Structure formats: structure tokens, C-alpha cells
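Comments concern the structure below.
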Amino acid sequence: MSTKRGFASDNNAGVHPRVMAALLEANQGHARAYGDDAVTARAVAAIRRQFGEAAEVFFVYGGTGANVTALQALTRPFNAVVCAATSHIHMDECGAPEKFTGCKLLTLPTPDGKLRPEQIEPLLHRIGDPHAAQPRVVSISQPTELGTIYTRAEFARLAEFAHARGLFLHVDGARLANAAAHLNVSLREVVEGADAVSFGGTKNGIMYGEAVVFLNPTLAEGYEFIRKQGMQLASKMRFIAAQFEALMDEDLWLMNAAHANRMAQRLACALGSVPAARLTQQVESNAVFAVLPREVVEEVRREYFFYLWDESRDEVRLMCSFDTTEEDIDGLIATLKRASAAR
Ligand SMILES: Cc1ncc(COP(=O)(O)O)c(C=O)c1O
């Protein structure tokens, strides 16, 4: 088995040693199942300290489950969810949001993965018309799937727009820590104005598990039933909770995310010295998007695995993780240069 670090995904990284230690620590004797245990209570309290004491916090197994069940809590089956065409809920969840919410996804094209209120407005003209699915939620990803980040002003404008029209704002925060690190704000500030957040842990150094955080606590009513019906209620919940507790402890979440972001900056900067490479998105989180000649991609991928993001234009996605090293980046760049020179 190859253990070499590549740039395919922060999901390819292992588990941070402090998280692994917390898992071992939680593995003592018996604890009540399904979240009725001390570790879960402590982890919920730690997350509340970040997002605000009024927040309702629920652990789930994965990011798709977090998104789907959070959206279920905000909608009824005749509703529609407005999202970017590049969003994970549209592109990468196998239709689960549609299947489990019954809602139509209304997708909008964007150059950078970010929705703007002006684009959403025309989708709202048929609110009240029983022939049309009724928009109820704007769902955004922070950071976006293209690695870009809504500024606080952009975020606030979207939240204000949604609320003024009776819509909720849901945030897919699979990499929320990276956004907070980039903007140098707290987790609460980075989602200020949102109603529900899928708060990711897996991409930030834990083994598995995400949290659904309702910033508007009234929306959490009935969520525990939705989570169970949605097969996201973990019986041995203490092990998800222990990982989040470790992530919150002494801001490990921030250290991991800031490191991954820094590595992406270093990588983007180094790509500037590879004439064949051209960046295609602002590098604001831990993702770098670039166009590279196909032969170079094929050659380099023999050593460092990463994905072709958009085959039609030879665009690749290079992802950094909490454990990416400067040597990894130097090695990738040297390989890229060698492959480019050999063309
Ligand atoms: C933006 C975003 N949302 C959600 C997810 C969660 O996915 P999963 O269900 O694989 O945990 C991912 C994973 O890649 C993601 O990139």
C-alpha cells in the first residue's frame, strides 16, 4: 500500500495524533449509547462555546448526511433549495438531498462557486404559485467547492437577502475551519446570519464525523427524529464526540486549517514558477485549482496523486491537508517542472 502523501483530497489524509489519542482515551469501559454520555455532553458544550450558547448541536456520521438532514429540517417536500451549480449537494451527493428532502434543487452557474443575491432574485418570482416548487433555503458552501471564500460582507448580504424573503440560509461547512482561518475570525463569525450549518471535522484531521449546528435553535425541533430516520444517529456516539472535543481543544481546528491554507498558498506561489501552469481560482483556502497540460498531469500523477477537476479544460484540483509538508510541495513542484521540461 502506498502511504505517500498526495494532493487528491484532504479526505485522503490520516487522523491527527491528538484526535487519535482522544479516541483511545474515549475507549474506556462502557458509556451510554446514542449520545447520552459524558463525552458527547462535553463536545456539544465545546462546540457551543464556538458557535454561541443558543446553538443546538448534533453529531452525524458524514458530510452528505449532515447536509441532507439539515436541509430536511428546514424544508417540506414541495420546497426548493437554491444552490450553486458546483455545490456538493448538487454534484456529489448522488441525488440524496432530492431523495430525502423531496425538494427540487435550483442551481445557479457561478464563475467562482459563490452565489450572489441578484442571481437568486429571479428564482423567487413564483413564490405562492402552487405550480412551482417553493424556494425555502439558500444553501451555500463556505469555503466553496472551488476553494473560494465568501467575505463577511458577502455572507451578510446573502443572509439578509434570504431572510428578507422568508428563506433560510444553510451552510455546507465541510471545510468551515479553513474559511475561519482565512478570514481570521471565529467559527461563530464566519457563519454569522446563517440558520443551520453542516460543520465538518473529517477534512480537518478527524477520522469521521460531522456536526449539524442550528444557529437558529427553533429549527432544531424534530431534528433528532430526522437524524434517526436518516440513519445518521451513531450508537457509539462518544467516538465522534471525542474527536470533536479534541478538535475544539486549544483550537486544534484552527491550527490544522491554518496550516493547510498556508500550504496551499505556498503551492500556489510555487506554481508561478512553472510556465505550463495557470491558476484558475483565487487561492483562499486549502485548494489550488490550475490548468496544466494533460501529458504533464499524467506524468506527475504517477508520483503524486491528484484529481482532474474539469477534464474538458485540463483543470486540476490540488488539495492540501493538515499534514501536508513543505517538502511535499517542493517535491510536487520539482516533478511538475521535470515533466514540463520533458514535453
Ligand atoms: C463541500 C463538501 N461538502 C460535503 C462533503 C461531505 O461529503 P461526505 O459525505 O463524503 O462526508 C464534502 C466532501 O468531499 C465536500 O467537499
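In the C-alpha cells, chains take the letters A, B, ... in the order shown, each chain's residues start at 1, and ligands count up from 1 in the order shown.
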
- Message: With only C-alpha atoms as the counted atoms, please give the residues lying no more than 10 Å from stretch 104-117 of chain A, apart from itself and same-chain residues fewer than 6 positions off, as an NGL selection string.
- Response: :A and (77-87 or 89-90 or 95 or 97-98 or 123 or 132-135 or 137-150 or 154-155 or 157-162 or 280-282)

- Message: Give me the residues near A:Val283 as JSON, numbers by chain, where near means some atom within 8 Å (using only C-alpha atoms) and where sequence neighbours in that chain fewer than 3 positions away do not count.
- Response: {"A": [147, 148, 264, 265, 268, 286, 287, 288, 289]}

- Task: Could you report the residues within 6 Å of ligand 1, using only C-alpha atoms and all ligand atoms, as a list in words?
- Result: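 Result of the 6 Å neighbour search around ligand 1: Gly62, Gly63, Thr64, His88, Glu145, Asp172 and Ala174 of chain A.
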
- Query: If you count only C-alpha atoms, which residues fall within 12 Å of A:His259, apart from same-chain ones fewer than 6 positions away, as a ChimeraX atom specification?
  - Reply: /A:177-178,181-182,204-205,252-253,265-266,285-286,320-326

Test item: residues at most 9 Å from A:Ser235, only C-alpha atoms, excluding those fewer than 4 positions along its chain, as a PDB file with all heavy atoms, in the first residue's frame:
```pdb
ATOM      1  N   ARG A  32     -23.006   5.210  28.026  1.00  0.00           N
ATOM      2  CA  ARG A  32     -24.343   5.101  27.433  1.00  0.00           C
ATOM      3  C   ARG A  32     -24.280   5.415  25.946  1.00  0.00           C
ATOM      4  O   ARG A  32     -23.516   6.286  25.523  1.00  0.00           O
ATOM      5  CB  ARG A  32     -25.301   6.056  28.124  1.00  0.00           C
ATOM      6  CG  ARG A  32     -25.626   5.601  29.522  1.00  0.00           C
ATOM      7  CD  ARG A  32     -26.826   6.342  30.034  1.00  0.00           C
ATOM      8  NE  ARG A  32     -26.954   6.107  31.462  1.00  0.00           N
ATOM      9  CZ  ARG A  32     -27.889   6.667  32.208  1.00  0.00           C
ATOM     10  NH1 ARG A  32     -28.763   7.499  31.673  1.00  0.00           N
ATOM     11  NH2 ARG A  32     -27.943   6.404  33.488  1.00  0.00           N
ATOM     12  N   ALA A  33     -25.134   4.727  25.204  1.00  0.00           N
ATOM     13  CA  ALA A  33     -25.102   4.848  23.740  1.00  0.00           C
ATOM     14  C   ALA A  33     -25.932   6.039  23.246  1.00  0.00           C
ATOM     15  O   ALA A  33     -26.592   6.722  24.025  1.00  0.00           O
ATOM     16  CB  ALA A  33     -25.622   3.553  23.125  1.00  0.00           C
ATOM     17  N   TYR A  34     -25.846   6.284  21.961  1.00  0.00           N
ATOM     18  CA  TYR A  34     -26.688   7.269  21.257  1.00  0.00           C
ATOM     19  C   TYR A  34     -26.566   8.701  21.772  1.00  0.00           C
ATOM     20  O   TYR A  34     -27.493   9.492  21.669  1.00  0.00           O
ATOM     21  CB  TYR A  34     -28.167   6.818  21.270  1.00  0.00           C
ATOM     22  CG  TYR A  34     -28.355   5.478  20.588  1.00  0.00           C
ATOM     23  CD1 TYR A  34     -28.645   4.335  21.328  1.00  0.00           C
ATOM     24  CD2 TYR A  34     -28.200   5.364  19.207  1.00  0.00           C
ATOM     25  CE1 TYR A  34     -28.779   3.100  20.706  1.00  0.00           C
ATOM     26  CE2 TYR A  34     -28.332   4.133  18.575  1.00  0.00           C
ATOM     27  CZ  TYR A  34     -28.623   3.007  19.321  1.00  0.00           C
ATOM     28  OH  TYR A  34     -28.753   1.803  18.694  1.00  0.00           O
ATOM     29  N   GLY A  35     -25.419   9.028  22.368  1.00  0.00           N
ATOM     30  CA  GLY A  35     -25.184  10.423  22.752  1.00  0.00           C
ATOM     31  C   GLY A  35     -25.521  10.760  24.182  1.00  0.00           C
ATOM     32  O   GLY A  35     -25.308  11.896  24.609  1.00  0.00           O
TER      33      GLY A  35
END
```

- Could you check which of A:Thr69, A:Asn27, A:Thr40, A:Thr335 is closest to A:Tyr223, using only C-alpha atoms?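 The answer is A:Thr69, which sits nearest to A:Tyr223.
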
- Item | A:Ser273 surroundings by only C-alpha atoms, 12 Å radius, close-in-sequence under 5 positions cut, as a VMD selection string | chain A and resid 266 to 268 278 to 279 330 333 to 334 336 to 337 340

N, CA and C atoms of the current selection, written as an mmCIF file, in the first residue's frame:
```cif
data_model
loop_
_atom_site.group_PDB
_atom_site.id
_atom_site.type_symbol
_atom_site.label_atom_id
_atom_site.label_comp_id
_atom_site.auth_asym_id
_atom_site.auth_seq_id
_atom_site.Cartn_x
_atom_site.Cartn_y
_atom_site.Cartn_z
ATOM 1 N N ARG A 266 1.562 28.373 -0.357
ATOM 2 C CA ARG A 266 2.932 28.062 -0.783
ATOM 3 C C ARG A 266 2.916 27.361 -2.147
ATOM 4 N N LEU A 267 1.978 26.441 -2.296
ATOM 5 C CA LEU A 267 1.862 25.698 -3.547
ATOM 6 C C LEU A 267 1.483 26.635 -4.696
ATOM 7 N N ALA A 268 0.531 27.523 -4.446
ATOM 8 C CA ALA A 268 0.092 28.451 -5.497
ATOM 9 C C ALA A 268 1.250 29.340 -5.921
ATOM 10 N N ARG A 278 -1.316 27.440 -14.927
ATOM 11 C CA ARG A 278 -2.067 28.707 -14.778
ATOM 12 C C ARG A 278 -3.164 28.497 -13.740
ATOM 13 N N LEU A 279 -3.143 29.331 -12.718
ATOM 14 C CA LEU A 279 -4.167 29.226 -11.674
ATOM 15 C C LEU A 279 -5.516 29.646 -12.250
ATOM 16 N N ASP A 330 7.534 20.998 -2.393
ATOM 17 C CA ASP A 330 8.768 21.115 -3.180
ATOM 18 C C ASP A 330 8.900 19.916 -4.118
ATOM 19 N N ILE A 333 6.418 20.227 -7.043
ATOM 20 C CA ILE A 333 6.827 21.268 -7.993
ATOM 21 C C ILE A 333 8.023 20.791 -8.829
ATOM 22 N N ALA A 334 8.970 20.122 -8.175
ATOM 23 C CA ALA A 334 10.135 19.609 -8.916
ATOM 24 C C ALA A 334 9.672 18.597 -9.962
ATOM 25 N N LEU A 336 6.722 18.431 -11.344
ATOM 26 C CA LEU A 336 5.991 19.182 -12.381
ATOM 27 C C LEU A 336 6.960 19.840 -13.372
ATOM 28 N N LYS A 337 8.014 20.399 -12.810
ATOM 29 C CA LYS A 337 8.992 21.070 -13.680
ATOM 30 C C LYS A 337 9.687 20.075 -14.595
ATOM 31 N N SER A 340 7.279 19.004 -17.270
ATOM 32 C CA SER A 340 7.040 20.080 -18.248
ATOM 33 C C SER A 340 8.231 20.197 -19.198
#
```

- For A:Ile206, which of A:Gly331, A:Pro17, A:Gly193, A:Pro130 is the closest residue, counting only C-alpha atoms?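 That would be A:Pro17, the residue with the smallest distance to A:Ile206.
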
- Separation of atom CA of A:Val57 from atom CA of A:Ala21, in Å and rounded to one decimal: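 Distance reported for this atom pair: 23.2 Å.
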
- If you count only C-alpha atoms, which residues fall within 10 Å of A:Met248, apart from same-chain ones fewer than 4 positions away, as a list in words? Ala43, Ala46, Ile47, Arg49, Gln50, Ala242, Gln243, Phe244, Leu252, Trp253 and Leu254 of chain A

Excluding A:Ala70 and any residue of its chain fewer than 4 positions from it, enumerate the residues within 12 Å of it, using only C-alpha atoms, and give them as a CSV table (one decimal) with N, CA and C atoms, in the first residue's frame.
```csv
chain,number,residue,atom,x,y,z
A,56,GLU,N,-27.9,24.6,18.8
A,56,GLU,CA,-28.3,23.2,19.0
A,56,GLU,C,-27.3,22.4,18.1
A,57,VAL,N,-26.7,21.4,18.8
A,57,VAL,CA,-25.6,20.7,18.1
A,57,VAL,C,-25.9,19.2,18.1
A,58,PHE,N,-25.7,18.6,16.9
A,58,PHE,CA,-26.0,17.2,16.7
A,58,PHE,C,-24.9,16.5,15.9
A,59,PHE,N,-24.4,15.4,16.4
A,59,PHE,CA,-23.3,14.7,15.6
A,59,PHE,C,-23.9,13.8,14.6
A,60,VAL,N,-23.3,13.7,13.5
A,60,VAL,CA,-23.7,12.7,12.5
A,60,VAL,C,-22.5,12.0,11.9
A,63,GLY,N,-20.6,14.0,5.9
A,63,GLY,CA,-21.0,15.3,5.4
A,63,GLY,C,-22.3,15.3,4.6
A,64,THR,N,-22.4,14.3,3.8
A,64,THR,CA,-23.7,14.2,3.0
A,64,THR,C,-24.9,14.1,3.9
A,65,GLY,N,-24.7,13.2,5.0
A,65,GLY,CA,-25.7,13.1,6.0
A,65,GLY,C,-26.0,14.4,6.7
A,66,ALA,N,-25.0,15.1,7.0
A,66,ALA,CA,-25.2,16.4,7.7
A,66,ALA,C,-26.0,17.4,6.7
A,74,LEU,N,-35.2,22.0,7.4
A,74,LEU,CA,-35.6,23.4,7.0
A,74,LEU,C,-36.6,23.4,6.0
A,75,THR,N,-37.0,22.3,5.5
A,75,THR,CA,-37.9,22.3,4.3
A,75,THR,C,-39.1,21.3,4.5
A,76,ARG,N,-40.0,21.5,3.5
A,76,ARG,CA,-41.1,20.4,3.3
A,76,ARG,C,-40.9,20.0,1.8
A,81,VAL,N,-34.5,24.2,-3.0
A,81,VAL,CA,-33.3,24.7,-2.3
A,81,VAL,C,-32.4,25.3,-3.4
A,89,ILE,N,-23.9,19.5,-2.7
A,89,ILE,CA,-25.3,18.9,-2.6
A,89,ILE,C,-25.8,18.6,-4.0
A,97,PRO,N,-29.9,14.7,-1.5
A,97,PRO,CA,-30.7,15.8,-1.0
A,97,PRO,C,-32.1,15.8,-1.6
A,100,PHE,N,-34.1,12.6,-0.2
A,100,PHE,CA,-34.6,12.5,1.2
A,100,PHE,C,-35.4,13.8,1.6
A,101,THR,N,-35.2,14.9,0.9
A,101,THR,CA,-36.0,16.1,1.3
A,101,THR,C,-37.2,16.1,0.4
A,137,VAL,N,-34.8,27.6,1.0
A,137,VAL,CA,-33.5,27.6,1.6
A,137,VAL,C,-32.5,28.0,0.5
A,139,SER,N,-28.7,27.4,0.0
A,139,SER,CA,-27.6,26.6,0.6
A,139,SER,C,-26.3,27.0,-0.1
A,168,PHE,N,-34.4,30.4,4.5
A,168,PHE,CA,-33.3,30.1,5.4
A,168,PHE,C,-32.0,30.1,4.7
A,169,LEU,N,-30.9,30.3,5.5
A,169,LEU,CA,-29.6,30.1,4.9
A,169,LEU,C,-28.9,28.9,5.5
A,170,HIS,N,-28.6,27.9,4.7
A,170,HIS,CA,-27.9,26.8,5.2
A,170,HIS,C,-26.4,26.8,4.6
A,171,VAL,N,-25.5,26.5,5.5
A,171,VAL,CA,-24.1,26.5,5.1
A,171,VAL,C,-23.5,25.1,5.1
A,172,ASP,N,-23.0,24.6,4.0
A,172,ASP,CA,-22.2,23.4,3.9
A,172,ASP,C,-20.8,23.8,4.3
A,173,GLY,N,-20.5,23.5,5.6
A,173,GLY,CA,-19.2,23.9,6.1
A,173,GLY,C,-18.3,22.7,6.3
A,195,ASP,N,-28.7,30.0,9.4
A,195,ASP,CA,-29.7,29.3,10.2
A,195,ASP,C,-29.2,27.9,10.6
A,196,ALA,N,-28.6,27.2,9.7
A,196,ALA,CA,-28.1,25.9,10.0
A,196,ALA,C,-26.8,25.7,9.3
A,197,VAL,N,-25.9,24.9,9.9
A,197,VAL,CA,-24.5,24.7,9.4
A,197,VAL,C,-24.2,23.3,9.5
A,198,SER,N,-23.6,22.7,8.4
A,198,SER,CA,-23.0,21.4,8.4
A,198,SER,C,-21.5,21.7,8.7
A,199,PHE,N,-21.1,21.4,10.0
A,199,PHE,CA,-19.8,21.7,10.4
A,199,PHE,C,-18.9,20.5,10.3
A,210,GLU,N,-19.3,14.5,11.5
A,210,GLU,CA,-19.6,16.0,11.3
A,210,GLU,C,-20.6,16.4,12.3
A,211,ALA,N,-20.8,17.7,12.4
A,211,ALA,CA,-21.9,18.1,13.3
A,211,ALA,C,-22.9,19.0,12.6
A,212,VAL,N,-24.1,18.9,12.9
A,212,VAL,CA,-25.1,19.8,12.4
A,212,VAL,C,-25.4,20.8,13.5
A,213,VAL,N,-25.2,22.1,13.2
A,213,VAL,CA,-25.3,23.1,14.2
A,213,VAL,C,-26.5,24.0,13.7
A,214,PHE,N,-27.5,24.1,14.6
A,214,PHE,CA,-28.6,25.0,14.3
A,214,PHE,C,-28.3,26.3,15.1
A,215,LEU,N,-28.0,27.4,14.3
A,215,LEU,CA,-27.8,28.6,15.0
A,215,LEU,C,-29.1,29.3,15.4
A,216,ASN,N,-30.1,28.9,14.6
A,216,ASN,CA,-31.5,29.3,14.9
A,216,ASN,C,-32.1,28.0,15.6
A,219,LEU,N,-35.2,25.8,14.8
A,219,LEU,CA,-35.2,24.9,13.6
A,219,LEU,C,-34.8,23.5,13.9
A,220,ALA,N,-34.3,23.3,15.1
A,220,ALA,CA,-33.8,22.0,15.5
A,220,ALA,C,-35.0,21.1,16.0
A,221,GLU,N,-36.2,21.7,16.1
A,221,GLU,CA,-37.3,20.9,16.6
A,221,GLU,C,-37.6,19.7,15.7
A,222,GLY,N,-37.6,18.6,16.2
A,222,GLY,CA,-37.8,17.4,15.4
A,222,GLY,C,-36.6,16.8,14.7
A,223,TYR,N,-35.5,17.6,14.8
A,223,TYR,CA,-34.3,17.1,14.1
A,223,TYR,C,-33.8,15.7,14.6
A,224,GLU,N,-34.0,15.5,15.9
A,224,GLU,CA,-33.4,14.2,16.4
A,224,GLU,C,-34.2,13.0,15.7
A,225,PHE,N,-35.4,13.2,15.3
A,225,PHE,CA,-36.1,12.2,14.6
A,225,PHE,C,-35.7,12.1,13.2
A,226,ILE,N,-35.4,13.2,12.6
A,226,ILE,CA,-34.9,13.3,11.2
A,226,ILE,C,-33.6,12.6,11.1
A,227,ARG,N,-32.7,12.8,12.1
A,227,ARG,CA,-31.4,12.2,12.2
A,227,ARG,C,-31.5,10.7,12.2
A,230,GLY,N,-32.9,9.3,9.1
A,230,GLY,CA,-31.9,9.5,8.1
A,230,GLY,C,-30.6,8.6,8.3
A,232,GLN,N,-28.4,8.6,10.6
A,232,GLN,CA,-27.2,9.3,10.9
A,232,GLN,C,-27.0,9.3,12.5
```

- Residue with smallest distance to A:Ser312 - pool A:Leu292, A:Met255, A:Cys94, A:Val300, counting only C-alpha atoms: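 Checking each of A:Leu292, A:Met255, A:Cys94, A:Val300 against A:Ser312, counting only C-alpha atoms, the winner is A:Leu292.
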